[in-house]
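For reference, data37.txt is printed below; it contains compact mmCIF, C-alpha atoms.
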# COMPACT_ATOMS: atom_id res chain seq x y z
CA MET A 1 19.45 -57.56 84.91
CA ASP A 2 18.19 -60.13 87.43
CA TRP A 3 14.91 -60.50 85.53
CA LEU A 4 16.75 -61.26 82.28
CA GLU A 5 18.99 -63.77 84.01
CA GLY A 6 15.92 -65.46 85.47
CA ILE A 7 14.28 -65.74 82.06
CA LEU A 8 17.45 -67.09 80.45
CA ASP A 9 17.94 -69.62 83.26
CA LYS A 10 14.42 -70.94 82.76
CA LEU A 11 14.86 -71.03 78.99
CA GLY A 12 18.20 -72.84 79.40
CA GLY A 13 16.55 -75.38 81.69
CA ILE A 14 13.92 -76.07 79.04
CA ILE A 15 16.39 -76.30 76.14
CA TRP A 16 18.82 -78.49 78.09
CA GLY A 17 16.02 -80.68 79.40
CA PRO A 18 15.58 -84.43 78.84
CA PRO A 19 14.57 -84.18 75.13
CA LEU A 20 17.87 -82.56 74.03
CA LEU A 21 20.00 -84.75 76.29
CA ILE A 22 18.25 -87.86 74.94
CA LEU A 23 18.77 -86.60 71.39
CA LEU A 24 22.47 -85.92 72.03
CA VAL A 25 23.17 -89.29 73.64
CA GLY A 26 20.79 -91.08 71.28
CA THR A 27 22.66 -89.75 68.25
CA GLY A 28 25.91 -91.04 69.75
CA ILE A 29 24.40 -94.48 70.42
CA TYR A 30 22.89 -94.63 66.92
CA LEU A 31 26.19 -93.74 65.24
CA THR A 32 28.14 -96.08 67.52
CA PHE A 33 26.19 -99.11 66.36
CA ARG A 34 25.86 -98.03 62.71
CA LEU A 35 29.63 -97.57 62.60
CA GLY A 36 30.32 -100.89 64.32
CA LEU A 37 31.85 -99.52 67.55
CA ILE A 38 34.37 -97.49 65.61
CA GLN A 39 35.63 -95.78 68.78
CA LEU A 40 36.97 -99.15 69.92
CA ARG A 41 37.89 -100.81 66.63
CA LEU A 42 39.96 -97.98 65.17
CA LEU A 43 41.12 -96.23 68.34
CA PRO A 44 44.71 -97.60 68.11
CA TYR A 45 44.98 -96.35 64.51
CA ALA A 46 43.46 -93.00 65.51
CA LEU A 47 46.01 -92.52 68.30
CA LYS A 48 48.78 -93.41 65.86
CA LEU A 49 47.55 -90.67 63.53
CA VAL A 50 47.50 -88.13 66.35
CA PHE A 51 51.19 -88.54 67.03
CA THR A 52 52.40 -89.05 63.44
CA LYS A 53 53.93 -85.77 62.27
CA ASN A 54 54.51 -86.61 58.61
CA GLN A 55 50.90 -87.50 57.79
CA ASP A 56 49.09 -85.75 54.92
CA LYS A 57 51.59 -82.92 54.36
CA LYS A 58 50.65 -82.74 50.68
CA SER A 59 46.87 -82.86 51.21
CA GLU A 60 44.61 -79.82 51.09
CA GLY A 61 44.18 -77.95 54.35
CA ASP A 62 45.71 -75.24 56.50
CA ILE A 63 47.03 -77.09 59.57
CA SER A 64 48.14 -80.59 60.54
CA HIS A 65 45.99 -83.36 62.08
CA PHE A 66 47.63 -82.65 65.43
CA GLN A 67 47.14 -78.88 65.24
CA ALA A 68 43.45 -79.32 64.36
CA LEU A 69 43.01 -81.67 67.31
CA MET A 70 44.83 -79.30 69.68
CA THR A 71 42.72 -76.34 68.51
CA ALA A 72 39.56 -78.34 69.20
CA MET A 73 40.92 -79.48 72.57
CA ALA A 74 41.89 -75.90 73.41
CA ALA A 75 38.22 -74.98 73.05
CA THR A 76 36.78 -77.93 74.96
CA VAL A 77 39.27 -78.39 77.80
CA GLY A 78 38.15 -75.53 80.00
CA VAL A 79 36.22 -74.64 83.12
CA GLY A 80 33.94 -77.65 82.56
CA ASN A 81 36.79 -80.08 83.24
CA ILE A 82 37.30 -78.69 86.74
CA VAL A 83 34.18 -76.83 87.89
CA GLY A 84 31.71 -78.66 85.65
CA VAL A 85 32.71 -82.09 86.95
CA ALA A 86 32.51 -80.85 90.53
CA THR A 87 29.01 -79.50 89.86
CA ALA A 88 27.94 -82.87 88.46
CA VAL A 89 29.17 -84.65 91.61
CA VAL A 90 27.49 -82.14 93.96
CA LEU A 91 24.14 -82.31 92.15
CA GLY A 92 24.18 -85.91 90.96
CA GLY A 93 26.53 -87.67 93.36
CA PRO A 94 29.58 -89.82 92.51
CA GLY A 95 27.42 -91.86 90.15
CA ALA A 96 27.28 -88.87 87.81
CA ILE A 97 30.88 -89.65 86.83
CA PHE A 98 29.83 -93.05 85.44
CA TRP A 99 27.16 -91.42 83.27
CA MET A 100 29.72 -88.82 82.22
CA TRP A 101 31.88 -91.72 80.98
CA MET A 102 28.92 -93.16 79.07
CA ALA A 103 28.24 -89.80 77.43
CA GLY A 104 31.94 -89.59 76.54
CA PHE A 105 32.08 -93.09 75.07
CA PHE A 106 29.10 -92.58 72.76
CA GLY A 107 30.17 -88.97 72.17
CA MET A 108 33.30 -90.27 70.45
CA ALA A 109 31.12 -91.60 67.62
CA THR A 110 29.26 -88.31 67.43
CA LYS A 111 32.53 -86.38 67.25
CA TYR A 112 33.75 -88.72 64.51
CA GLY A 113 30.59 -88.15 62.46
CA GLU A 114 30.79 -84.37 62.82
CA ALA A 115 34.39 -84.32 61.59
CA VAL A 116 33.62 -86.57 58.60
CA LEU A 117 30.94 -84.17 57.42
CA ALA A 118 33.04 -81.08 58.18
CA VAL A 119 35.88 -82.24 55.92
CA LYS A 120 33.54 -83.73 53.30
CA TYR A 121 31.66 -80.47 52.74
CA ARG A 122 34.38 -77.90 53.48
CA VAL A 123 35.08 -75.11 50.99
CA LYS A 124 37.88 -72.65 50.29
CA ASP A 125 37.17 -69.08 51.32
CA ALA A 126 38.22 -65.93 49.48
CA ASN A 127 41.64 -66.09 51.17
CA GLY A 128 42.28 -69.64 50.01
CA GLN A 129 41.78 -71.07 53.52
CA MET A 130 39.47 -73.94 54.43
CA ALA A 131 36.07 -73.19 55.91
CA GLY A 132 33.81 -75.93 57.19
CA GLY A 133 31.55 -77.07 59.97
CA PRO A 134 27.82 -77.65 60.52
CA MET A 135 26.79 -74.54 58.56
CA TYR A 136 28.44 -75.96 55.43
CA TYR A 137 27.23 -79.54 55.71
CA LEU A 138 23.74 -78.32 56.51
CA GLU A 139 23.78 -76.18 53.36
CA HIS A 140 25.71 -78.34 50.88
CA GLY A 141 24.97 -81.80 52.29
CA LEU A 142 21.47 -81.60 53.74
CA LYS A 143 20.48 -78.77 51.32
CA GLN A 144 18.98 -76.76 54.18
CA LYS A 145 20.82 -73.45 54.18
CA TRP A 146 18.41 -71.91 56.70
CA LEU A 147 19.59 -74.43 59.29
CA GLY A 148 23.19 -73.50 58.49
CA VAL A 149 22.37 -69.84 58.98
CA LEU A 150 20.71 -70.58 62.33
CA PHE A 151 23.73 -72.56 63.51
CA ALA A 152 26.12 -69.80 62.44
CA ILE A 153 24.10 -67.13 64.28
CA PHE A 154 23.99 -69.20 67.47
CA GLY A 155 27.71 -70.07 67.20
CA ALA A 156 28.94 -66.53 66.49
CA LEU A 157 27.06 -65.22 69.53
CA ALA A 158 27.73 -68.18 71.84
CA ALA A 159 31.48 -67.67 71.37
CA PHE A 160 31.23 -64.50 73.46
CA GLY A 161 29.81 -66.51 76.35
CA ILE A 162 31.19 -70.04 76.59
CA GLY A 163 34.45 -69.13 74.85
CA ASN A 164 35.10 -65.61 76.02
CA GLY A 165 33.41 -63.84 78.93
CA THR A 166 32.96 -66.82 81.25
CA GLN A 167 36.49 -68.10 80.61
CA ALA A 168 38.07 -64.65 81.10
CA LYS A 169 36.13 -64.28 84.35
CA ALA A 170 37.38 -67.67 85.56
CA VAL A 171 41.01 -66.70 84.81
CA ALA A 172 40.63 -63.30 86.49
CA ASP A 173 39.03 -64.84 89.59
CA VAL A 174 41.81 -67.43 89.89
CA MET A 175 44.54 -64.82 89.48
CA SER A 176 42.88 -62.62 92.10
CA GLN A 177 42.15 -65.33 94.68
CA THR A 178 45.37 -67.32 94.34
CA PHE A 179 47.96 -64.75 93.29
CA SER A 180 46.31 -61.43 94.36
CA VAL A 181 46.42 -60.00 90.83
CA PRO A 182 43.72 -57.34 90.19
CA HIS A 183 41.03 -58.32 87.70
CA TRP A 184 41.80 -55.44 85.34
CA ILE A 185 45.47 -56.43 85.02
CA THR A 186 44.47 -59.99 84.12
CA GLY A 187 41.98 -58.57 81.63
CA VAL A 188 44.63 -56.46 79.88
CA ALA A 189 47.09 -59.38 79.81
CA LEU A 190 44.47 -61.71 78.28
CA VAL A 191 43.52 -59.13 75.65
CA LEU A 192 47.14 -58.74 74.58
CA LEU A 193 47.79 -62.50 74.57
CA ALA A 194 44.59 -63.40 72.75
CA GLY A 195 45.06 -60.55 70.29
CA ALA A 196 48.54 -61.78 69.38
CA VAL A 197 47.22 -65.30 68.79
CA LEU A 198 43.77 -64.76 67.28
CA LEU A 199 44.57 -61.90 64.93
CA GLY A 200 47.03 -64.19 63.16
CA GLY A 201 44.27 -66.58 62.05
CA ILE A 202 44.09 -70.38 62.12
CA LYS A 203 47.78 -71.01 61.37
CA SER A 204 48.78 -68.87 64.34
CA ILE A 205 46.13 -70.52 66.55
CA GLY A 206 47.26 -73.98 65.41
CA ARG A 207 50.92 -73.28 66.22
CA VAL A 208 50.13 -71.90 69.68
CA THR A 209 47.62 -74.57 70.69
CA SER A 210 49.83 -77.44 69.46
CA PHE A 211 52.49 -76.19 71.91
CA PHE A 212 50.23 -74.92 74.69
CA VAL A 213 47.55 -77.62 75.00
CA PRO A 214 49.79 -80.70 75.45
CA ILE A 215 51.71 -78.91 78.22
CA MET A 216 48.58 -77.87 80.12
CA ALA A 217 46.97 -81.31 79.74
CA LEU A 218 50.12 -83.13 80.86
CA PHE A 219 50.46 -80.81 83.85
CA TYR A 220 46.99 -81.66 85.12
CA ILE A 221 47.23 -85.37 84.23
CA ILE A 222 50.58 -85.71 86.04
CA ALA A 223 49.20 -83.90 89.11
CA GLY A 224 46.22 -86.27 89.16
CA ALA A 225 48.45 -89.31 88.63
CA ILE A 226 50.64 -88.26 91.57
CA VAL A 227 47.57 -88.04 93.81
CA MET A 228 46.35 -91.49 92.74
CA VAL A 229 49.74 -93.21 93.00
CA MET A 230 50.36 -91.70 96.45
CA ASN A 231 46.92 -92.89 97.57
CA ILE A 232 46.57 -96.03 95.47
CA ASN A 233 44.67 -97.78 98.24
CA LEU A 234 41.79 -95.31 97.83
CA VAL A 235 41.43 -95.73 94.06
CA PRO A 236 39.52 -99.07 94.02
CA GLU A 237 37.13 -97.76 96.67
CA ALA A 238 36.54 -94.58 94.65
CA PHE A 239 35.66 -96.55 91.52
CA ALA A 240 33.41 -98.85 93.54
CA THR A 241 31.59 -95.80 94.92
CA ILE A 242 31.13 -94.34 91.43
CA PHE A 243 29.66 -97.59 90.07
CA LYS A 244 27.48 -98.11 93.14
CA PHE A 245 25.90 -94.67 93.10
CA ALA A 246 25.47 -94.69 89.32
CA PHE A 247 22.51 -97.01 89.90
CA THR A 248 21.41 -96.09 93.42
CA GLY A 249 22.05 -92.34 93.60
CA GLU A 250 23.41 -90.14 96.35
CA ALA A 251 24.48 -86.50 96.18
CA ALA A 252 25.65 -83.85 98.59
CA LEU A 253 22.46 -81.90 97.94
CA GLY A 254 20.22 -84.96 97.80
CA GLY A 255 19.19 -86.71 94.61
CA ALA A 256 18.61 -90.08 93.03
CA VAL A 257 19.59 -92.10 89.99
CA GLY A 258 17.80 -89.64 87.70
CA ALA A 259 19.95 -86.80 89.02
CA ALA A 260 23.13 -88.83 88.52
CA ILE A 261 22.21 -89.56 84.91
CA ARG A 262 21.03 -86.04 84.13
CA PHE A 263 24.01 -84.17 85.54
CA GLY A 264 26.58 -86.74 84.49
CA VAL A 265 25.41 -86.71 80.89
CA ALA A 266 24.85 -82.94 80.80
CA ARG A 267 28.26 -82.03 82.24
CA GLY A 268 30.04 -84.64 80.14
CA LEU A 269 28.54 -83.22 76.97
CA PHE A 270 29.19 -79.67 78.17
CA SER A 271 32.85 -80.54 78.60
CA ASN A 272 33.54 -82.45 75.36
CA GLU A 273 30.94 -80.62 73.21
CA ALA A 274 30.08 -83.81 71.28
CA GLY A 275 27.03 -82.98 69.19
CA LEU A 276 27.33 -79.24 69.76
CA GLY A 277 28.92 -78.72 66.33
CA SER A 278 31.86 -76.59 67.44
CA ALA A 279 34.85 -78.95 67.08
CA PRO A 280 34.20 -79.87 63.41
CA ILE A 281 34.94 -76.24 62.53
CA ALA A 282 38.57 -76.88 63.52
CA ALA A 283 38.60 -80.34 61.90
CA ALA A 284 37.69 -78.77 58.56
CA ALA A 285 40.99 -76.85 58.52
CA ALA A 286 43.13 -80.00 58.73
CA LYS A 287 45.37 -81.31 55.95
CA THR A 288 43.86 -84.66 55.10
CA ASP A 289 43.27 -86.83 52.06
CA LEU A 290 40.08 -88.47 53.31
CA PRO A 291 37.37 -87.14 55.66
CA GLY A 292 37.50 -90.32 57.72
CA ARG A 293 41.20 -89.93 58.51
CA GLN A 294 40.81 -86.55 60.21
CA ALA A 295 37.57 -87.75 61.80
CA LEU A 296 39.45 -90.55 63.58
CA VAL A 297 41.86 -87.95 64.97
CA SER A 298 38.97 -85.72 66.08
CA MET A 299 37.34 -88.68 67.83
CA THR A 300 40.26 -88.91 70.27
CA GLN A 301 39.43 -85.43 71.58
CA VAL A 302 36.61 -86.89 73.68
CA LEU A 303 38.94 -89.59 74.98
CA PHE A 304 41.46 -87.02 76.22
CA ASP A 305 38.89 -84.49 77.43
CA THR A 306 36.24 -86.56 79.18
CA LEU A 307 37.60 -90.05 79.71
CA ILE A 308 40.99 -88.85 80.98
CA ILE A 309 41.03 -85.21 82.17
CA CYS A 310 37.47 -85.09 83.56
CA SER A 311 38.01 -88.51 85.15
CA ILE A 312 41.04 -87.20 87.06
CA THR A 313 38.88 -84.43 88.54
CA GLY A 314 35.98 -86.74 89.36
CA VAL A 315 37.97 -89.62 90.86
CA THR A 316 40.06 -87.23 92.98
CA ILE A 317 36.88 -85.63 94.35
CA VAL A 318 35.40 -89.03 95.25
CA MET A 319 38.68 -90.25 96.78
CA SER A 320 38.85 -87.17 99.01
CA GLY A 321 35.33 -87.58 100.41
CA GLN A 322 34.92 -83.81 100.19
CA TRP A 323 31.82 -84.20 98.03
CA LYS A 324 29.88 -85.20 101.16
CA ASP A 325 30.45 -81.75 102.70
CA THR A 326 27.34 -79.73 101.82
CA GLY A 327 29.15 -76.56 102.92
CA ILE A 328 31.55 -76.62 99.97
CA GLU A 329 30.38 -75.01 96.74
CA ALA A 330 31.01 -76.80 93.46
CA GLY A 331 33.45 -74.09 92.38
CA ALA A 332 35.71 -74.80 95.36
CA LEU A 333 35.20 -78.57 95.56
CA THR A 334 38.00 -79.60 93.19
CA ALA A 335 40.54 -77.38 94.95
CA ALA A 336 39.44 -78.81 98.33
CA ALA A 337 39.78 -82.37 96.97
CA PHE A 338 43.32 -81.82 95.68
CA GLY A 339 44.13 -79.99 98.92
CA THR A 340 43.18 -83.12 100.87
CA PHE A 341 46.11 -84.96 99.29
CA LEU A 342 48.57 -82.21 98.36
CA GLY A 343 48.00 -79.77 101.20
CA GLY A 344 48.55 -76.12 100.30
CA ALA A 345 49.83 -77.10 96.87
CA GLY A 346 46.46 -78.62 95.94
CA PRO A 347 44.51 -75.37 95.35
CA ILE A 348 47.52 -73.96 93.47
CA VAL A 349 47.59 -76.97 91.12
CA VAL A 350 43.87 -76.55 90.42
CA SER A 351 44.26 -72.79 89.97
CA ILE A 352 47.07 -73.21 87.45
CA GLY A 353 45.09 -75.91 85.64
CA LEU A 354 42.03 -73.65 85.47
CA LEU A 355 44.21 -70.75 84.31
CA PHE A 356 45.60 -72.79 81.41
CA PHE A 357 42.32 -74.48 80.51
CA ALA A 358 40.23 -71.31 80.45
CA THR A 359 42.83 -69.31 78.49
CA SER A 360 43.11 -71.99 75.82
CA THR A 361 39.32 -72.09 75.46
CA ILE A 362 39.39 -68.43 74.43
CA PHE A 363 41.78 -69.29 71.58
CA GLY A 364 39.69 -72.17 70.25
CA TRP A 365 36.32 -70.46 70.49
CA GLY A 366 37.72 -67.28 68.97
CA TYR A 367 38.28 -69.28 65.79
CA TYR A 368 34.88 -71.00 66.00
CA GLY A 369 33.03 -67.71 66.40
CA GLU A 370 34.98 -66.12 63.56
CA LYS A 371 34.17 -68.95 61.15
CA CYS A 372 30.47 -68.80 62.04
CA PHE A 373 30.50 -65.04 61.48
CA GLN A 374 32.41 -65.49 58.20
CA TYR A 375 29.67 -67.81 56.95
CA LEU A 376 27.09 -65.09 57.59
CA PHE A 377 29.24 -62.21 56.32
CA PRO A 378 31.92 -63.47 53.87
CA ASN A 379 33.78 -60.20 53.93
CA ASN A 380 37.37 -59.77 55.13
CA THR A 381 36.65 -56.43 56.79
CA ALA A 382 33.64 -57.81 58.67
CA VAL A 383 35.65 -60.80 59.89
CA LYS A 384 38.48 -58.55 61.11
CA VAL A 385 35.96 -56.41 63.01
CA TYR A 386 34.57 -59.56 64.65
CA ARG A 387 38.07 -60.59 65.74
CA VAL A 388 38.77 -57.21 67.29
CA VAL A 389 35.41 -57.06 69.10
CA PHE A 390 35.91 -60.63 70.38
CA VAL A 391 39.37 -59.78 71.73
CA LEU A 392 38.22 -56.55 73.40
CA PHE A 393 35.25 -58.32 75.02
CA ILE A 394 37.74 -60.43 76.95
CA PHE A 395 38.47 -57.39 79.14
CA VAL A 396 34.75 -56.97 79.84
CA GLY A 397 34.54 -60.63 80.80
CA ALA A 398 37.49 -60.37 83.16
CA THR A 399 36.24 -57.29 85.00
CA ALA A 400 32.42 -57.45 85.01
CA LYS A 401 29.78 -59.71 86.52
CA LEU A 402 28.63 -61.92 83.69
CA ASN A 403 25.91 -64.17 85.10
CA VAL A 404 23.62 -63.03 82.29
CA VAL A 405 26.27 -63.81 79.66
CA TRP A 406 26.74 -67.30 81.11
CA ALA A 407 22.99 -67.95 81.04
CA PHE A 408 22.78 -66.53 77.50
CA ALA A 409 25.62 -68.79 76.34
CA ASP A 410 23.95 -71.83 77.90
CA VAL A 411 20.83 -71.15 75.84
CA LEU A 412 22.79 -70.57 72.63
CA ASN A 413 24.86 -73.73 73.09
CA GLY A 414 21.70 -75.79 73.29
CA LEU A 415 20.31 -74.06 70.22
CA MET A 416 23.56 -74.81 68.32
CA ALA A 417 23.15 -78.51 68.99
CA ILE A 418 19.67 -78.82 67.46
CA PRO A 419 20.47 -78.03 63.78
CA ASN A 420 23.78 -79.87 64.08
CA LEU A 421 22.10 -83.07 65.27
CA ILE A 422 19.55 -82.78 62.48
CA GLY A 423 22.46 -82.65 60.04
CA LEU A 424 24.24 -85.62 61.65
CA LEU A 425 21.16 -87.84 61.53
CA GLY A 426 20.11 -86.67 58.08
CA LEU A 427 23.58 -87.28 56.63
CA SER A 428 24.36 -90.47 58.56
CA GLY A 429 24.43 -92.36 55.27
CA VAL A 430 27.29 -90.15 54.06
CA ILE A 431 29.16 -90.84 57.30
CA ILE A 432 28.78 -94.60 56.71
CA LEU A 433 30.07 -94.35 53.12
CA GLU A 434 33.09 -92.26 54.16
CA THR A 435 33.82 -94.74 56.93
CA LYS A 436 33.93 -97.57 54.39
CA ARG A 437 36.35 -95.50 52.29
CA ILE A 438 38.80 -94.93 55.15
CA GLN A 439 38.55 -98.56 56.28
CA ASN A 440 39.39 -99.74 52.75
CA LYS A 441 42.26 -97.25 52.62
CA ILE A 442 43.66 -98.48 55.94
CA LYS A 443 43.45 -102.06 54.67
CA GLU A 444 45.31 -101.09 51.46
CA GLU A 445 48.03 -99.31 53.45
CA LYS A 446 48.54 -102.36 55.66
CA GLU A 447 48.84 -104.64 52.62
CA GLU A 448 51.34 -102.25 51.00
CA ALA A 449 53.39 -102.17 54.20
CA LYS A 450 53.45 -105.97 54.32
CA ALA A 451 54.50 -106.15 50.67
CA LYS A 452 57.39 -103.76 51.28
CA LYS A 453 58.62 -105.85 54.21
CA ALA A 454 58.42 -109.00 52.15
How does this structure look as structure tokens?
Amino acid sequence: MDWLEGILDKLGGIIWGPPLLILLVGTGIYLTFRLGLIQLRLLPYALKLVFTKNQDKKSEGDISHFQALMTAMAATVGVGNIVGVATAVVLGGPGAIFWMWMAGFFGMATKYGEAVLAVKYRVKDANGQMAGGPMYYLEHGLKQKWLGVLFAIFGALAAFGIGNGTQAKAVADVMSQTFSVPHWITGVALVLLAGAVLLGGIKSIGRVTSFFVPIMALFYIIAGAIVMVMNINLVPEAFATIFKFAFTGEAALGGAVGAAIRFGVARGLFSNEAGLGSAPIAAAAAKTDLPGRQALVSMTQVLFDTLIICSITGVTIVMSGQWKDTGIEAGALTAAAFGTFLGGAGPIVVSIGLLFFATSTIFGWGYYGEKCFQYLFPNNTAVKVYRVVFVLFIFVGATAKLNVVWAFADVLNGLMAIPNLIGLLGLSGVIILETKRIQNKIKEEKEEAKAKKA
């Protein structure tokens, strides 16, 4: 299979080359300015929505704002937040973290736009549940069903890679290396756990992720905060190093400014999936009265994923100085960095974080893949078969060498982004109109609140 892996690696390198990265970031920049820096202007309101439980209970949808956000975060907060960030630092130097932040900032506008369109063009399936995402806004909004079909094919297949095999392998490796649990036992446990969650559909996934994701995120954030507070004197120097090398370039394996930009942007987008078209599938299931309201909630996903969780990994690595050691592989760099400050507990913290992150990704991507498959084959029996096959493949991922699957997923992820970005740019006018609607609604609600107080 080495020949196939080689071909896929080359193809992935071409697809994820400068043109796609420029298109991804460029779309974010374009939407940022057309929407008037919405990720700054309405961020306080968006965060308020995230933590307001009684919002939109009577609106159409299957799950709450918060559950939709947690399902999307379950899918995006994964191996990329720990290993992906370390890879960016090794290949692009500390400066890659700055460009990761830039990709995250503009990616918030992209994520907002995706969610607006997902809710705007969602439909009810045969079971009375919401179905939405790029395939629907490409068909019903852009009137290009063939692009929707392409996206759905890429998404249904990519789920087995980015959201299944590679994540299961990461969990099995961690359990084996840290806790001496055989790979096959981890595989069986993951199959049973994922089966119990995924076979119950979006409401089951929403309930589990809304409980599971905040705990796993807080665990990692608190661990990172402890490291920074205990070594507060190193934090300013770490940030200074990041900003310095963002424009001068230095990496453990050599490199320059171009490498910092390339790997920072690429790994940032890989982590938060802004522009990939996956997260809006979860956003479409939310109970919401206006597309813009759920879109503001979805926008915060990038804030939590890239600007907070990925930053903890990156700043800790820079603080430790371990990134300068060319003998440490990217996969072990984060554990070595935490170990610098927490001793033997450091690798355990990272292992537990990776265990949680990778497991949750399986839940989120199980739903994404199912919805893509449902678009292609709107048949209950076919969808149930897909669920079962997806769950069983987890065991294969946990016990087999899946370099080919990882390379295959990388290619498919890039291919998913292309039709989605076409839809975002082609329907940007709709995004603007829906943004005006939610802004007017927010203004009305504020005036009503003032009137009640008076």
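For the set A:Gly292, A:Gly429, A:Pro236, A:Gly165, the residue with the smallest atom-to-atom gap to Met319 of chain A is A:Pro236, counting all atoms listed in the file.
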Atom CA of Ser271 of chain A and atom CA of Gly80 of chain A, how far apart in Å? 5.0 Å
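With all atoms listed in the file as the basis for measurement, A:Phe151 is the residue among A:Tyr375, A:Phe151, A:Phe247, A:Phe390 that approaches Leu276 of chain A most closely.
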Coordinates-based distance that separates atom CA of Ala158 of chain A from atom CA of Met175 of chain A (Å, one decimal): 24.6 Å
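Residue nearest Leu31 of chain A within the list A:Ile222, A:Ile432, A:Ile7, A:Met135: A:Ile432 [criterion: smallest interatomic distance, all atoms listed in the file].
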From (21.9, -81.8, 81.2), in the file's coordinates, out to 9 Å: which residues are reached, counting all atoms listed in the file? Answer as a VMD selection string. chain A and resid 13 16 to 18 20 to 21 261 to 270
What's the 6 Å shell around Ala74 of chain A, counting only C-alpha atoms, without same-chain residues fewer than 6 positions away, as a VMD selection string? chain A and resid 360 to 361 364
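Atom CA of Gly133 of chain A to atom CA of Val25 of chain A spans 20.2 Å [interatomic distance, one decimal].
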Within 12 Å of Ile162 of chain A, counting only C-alpha atoms, which residues qualify if same-chain residues fewer than 4 places away don't, as an NGL selection string? :A and (75-80 or 154-158 or 166-170 or 270-271 or 273 or 278 or 358-359 or 361-366 or 368-369 or 394 or 397 or 402-414)
